[in-house]
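See structure below.
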2 protein chains.
Amino acid sequence: MHIEILGSAAGGGFPQWNCNCPNCRSVRAGTFRGKRRTQTQVAVSNDDVSWFLLNASPDLRLQIEAAQILHPRFSGRHSPISGVLLTSADLDQVTGLLSLRELQSFRVFCTPSLRSILQKHNNVFAMLNRVPKQAEWAEIKPGQSFPLQAISGNYSGLRCEVFSLGSRYPVYVSREQAAGLVPEEASVGVIIESSSGKRLAYLPAVSSLDEQLLRRLETADVLLFDGTFWSDDELVRVQGSGATANEMGHIPVSGADGSLQMLAAVRRPRKIFIHVNNTNPMLDESGPEYREARAAGWEIAEDGWRLDL
Amino acid sequence: MHIEILGSAAGGGFPQWNCNCPNCRSVRAGTFRGKRRTQTQVAVSNDDVSWFLLNASPDLRLQIEAAQILHPRFSGRHSPISGVLLTSADLDQVTGLLSLRELQSFRVFCTPSLRSILQKHNNVFAMLNRVPKQAEWAEIKPGQSFPLQAISGNYSGLRCEVFSLGSRYPVYVSREQAAGLVPEEASVGVIIESSSGKRLAYLPAVSSLDEQLLRRLETADVLLFDGTFWSDDELVRVQGSGATANEMGHIPVSGADGSLQMLAAVRRPRKIFIHVNNTNPMLDESGPEYREARAAGWEIAEDGWRLDL
């Protein structure tokens, strides 16, 4: 399995347009010990021919241009992108679909509730279905396992399992609309298995951890895990107001209930934080938080990484 | 007046993710005599302190990062962006609003019909109004003249006139929804006047030209004008199907009814094509179409240009 990390920051990217926190200020000034990052975007392939996107970031157009493997290979209009799998309806996971509106055929894999949010309550996404044989929506449900099939019907060699990671819908979904949705379809985690049995676990937003989830993660070869916030009140301190990490559906990295501690016993996979917010101090490679994460056996994803399993 | 051209391509950008036309192929290969371009985005200011965006391109996040003048100036959260003026609801003009969702105060100036499309039929844009004192929607109507005022109430020194440029709503707006909208509010042209009387005309999508419009353009110092397509059937030839330039609401550059010919008598403004599609042969600076446009007194906008009037 080939995995391209095209983007590794949380929503807003790093730096974020209206943020002048110490991280954002010093990365703009060129004095930061660490990397700029676009919004989280991953692409996977079994054969290097047919590629599947995990979510669709707002930065997708430029992320595709930065990855030669995703450029068209035939004359006229073409793309090696065969499908997009959505894990939530958060804007940093779905906005990039609007950049894929240029009459191309591909599959969108998502839960029925996510499909309803996008197709019933947001008619901008109708641009994906302007003509016949454009986007084909494939509904997936937590607990299911299914092949990642291209619209041509060709089997990509990748199989996928999805499981519920929570019932929190994005803030833009009104309470009335949410009442018509299935709670466990709000946010899913994904395990993708290659034809040779290698397994990638992809969980960019994790609101809580239990034994069952930990056992599942232990079956993976690579784990891309929610690294949004270092501490629970991080964003409140920068903004002066707003929600905590837990209120936004992210367990923080540090602390007794944080992911470093909670996942210490998960030993099999290569453990990589992704979806890192611009305010997270572990982005600073000269700081103690970065050292603490690395010492605990974690890596912090960077744009442009390629993993081959 | 200060004008920043942050992006100059039509929807999809140059190159476009799924396009392997001669232009896109050779710009990716590094053999093209011409520049890459992000999707059209312009910012204007009278005082270099308060900036107004003309539309909000899907590439906006990275365009802001590329323009130092638009970076935050105070600690915590801040932006010099005071407002966004929308000329249509096309995705390449509005998607960037979703990148401005980070709890910042700014004004959105648009027609009541555009506001209805975004707020009633697309609840993703509710992210701009999650908290009090976030986006403030200011309705403008064709024929009106108004000050570009920051949300603080401070007058920016810029005045704006908008005028109808057509009744074509985007394809994603259903026929039933369009029936409830005002036809002349679909697409507007803009003239912005600085405190010293300098005038910018901004018309990225022009479906037809008449004497009244030509006289209006003659009052401008700088004209940024629809350069989407060179010829009417350009896109059909690359894609093998689809709509003509005229069907998409753009008069082509060349030909008897094209903009080179029709605007030959407009002599006062500096004339610049913007919103240039990836298929347009005038992007190639070694080709006859580029030479023809330049010989007719036109420039072709590039990302990163700054104009001071």
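Simple scheme: letters A, B, ... for chains in structure tokens order, numbers from 1 for residues in each chain, numbers from 1 for ligands in the order shown.
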
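By only C-alpha atoms, and with residues fewer than 6 positions from A:Asp59 along its chain excluded, the set lying at most 9 Å from it is Gly7, Gly13, Thr38, Gln39, Thr40, Gln41, Asp92, Thr95, Gly96 and Ser99 of chain A; Pro58, Asp59, Arg61 and Leu62 of chain B.
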
Would you put the residues from that selection into a file with C-alpha atoms, as a PDB file, in the first residue's frame?
ATOM      1  CA  GLY A   7      -1.529  17.766   4.229  1.00  0.00           C
ATOM      2  CA  GLY A  13      -3.778  25.054   8.242  1.00  0.00           C
ATOM      3  CA  THR A  38      -1.610  22.496   4.672  1.00  0.00           C
ATOM      4  CA  GLN A  39      -4.890  21.029   5.918  1.00  0.00           C
ATOM      5  CA  THR A  40      -4.959  17.269   6.500  1.00  0.00           C
ATOM      6  CA  GLN A  41      -5.223  15.230   3.321  1.00  0.00           C
ATOM      7  CA  ASP A  92     -11.819  20.772   6.570  1.00  0.00           C
ATOM      8  CA  THR A  95     -14.722  21.418   1.168  1.00  0.00           C
ATOM      9  CA  GLY A  96     -12.217  19.966  -1.303  1.00  0.00           C
ATOM     10  CA  SER A  99     -12.493  21.436  -6.236  1.00  0.00           C
TER      11      SER A  99
ATOM     12  CA  PRO B  58     -11.172  28.357  -3.385  1.00  0.00           C
ATOM     13  CA  ASP B  59      -7.410  29.066  -3.191  1.00  0.00           C
ATOM     14  CA  ARG B  61      -6.060  30.447   2.233  1.00  0.00           C
ATOM     15  CA  LEU B  62      -2.818  30.079   0.326  1.00  0.00           C
TER      16      LEU B  62
END

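Residue neighbourhood of stretch 163-169 of chain B, excluding near-sequence residues (fewer than 3 positions): B:Pro142, B:Gly143, B:Val173, B:Pro183, B:Glu184, B:Glu185, B:Ala186, B:Ser187, B:Val188, B:Gly189, B:Val190, B:Val206, B:Ser207, at 7 Å, using only C-alpha atoms.
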
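For chain B, the residues no farther than 7 Å from chain A when using only C-alpha atoms are Trp17, Asn18, Cys19, Asn20, Cys21, Arg61, Ile64, Glu65, His71, Pro72, Phe74, Ser75, Gly76, Arg77, His78, Ser79, His121, Asn122, Asn123, Val124, Ala126, Met127, Tyr172, Val173, Val238 and Gln239 of chain B.
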
- prompt: Can you list, as a ChimeraX atom specification, every residue of stretch 144-295 of chain B that DSSP puts in alpha helix (DSSP H)?
  reply: /B:175-179,211-217,234-239,259-262,288-295

Strand (DSSP E or B) per DSSP on the backbone: members of stretch 122-301 of chain B, as JSON, numbers by chain: {"B": [122, 135, 136, 137, 138, 139, 145, 146, 147, 148, 149, 155, 156, 157, 158, 159, 160, 161, 162, 163, 164, 165, 166, 187, 188, 189, 190, 191, 192, 193, 199, 200, 201, 202, 203, 222, 223, 224, 225, 226, 270, 271, 272, 273, 274, 276, 298, 299, 300]}

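One finds atom CA of B:Asp47 at 11.2 Å from atom CA of B:Ser196.
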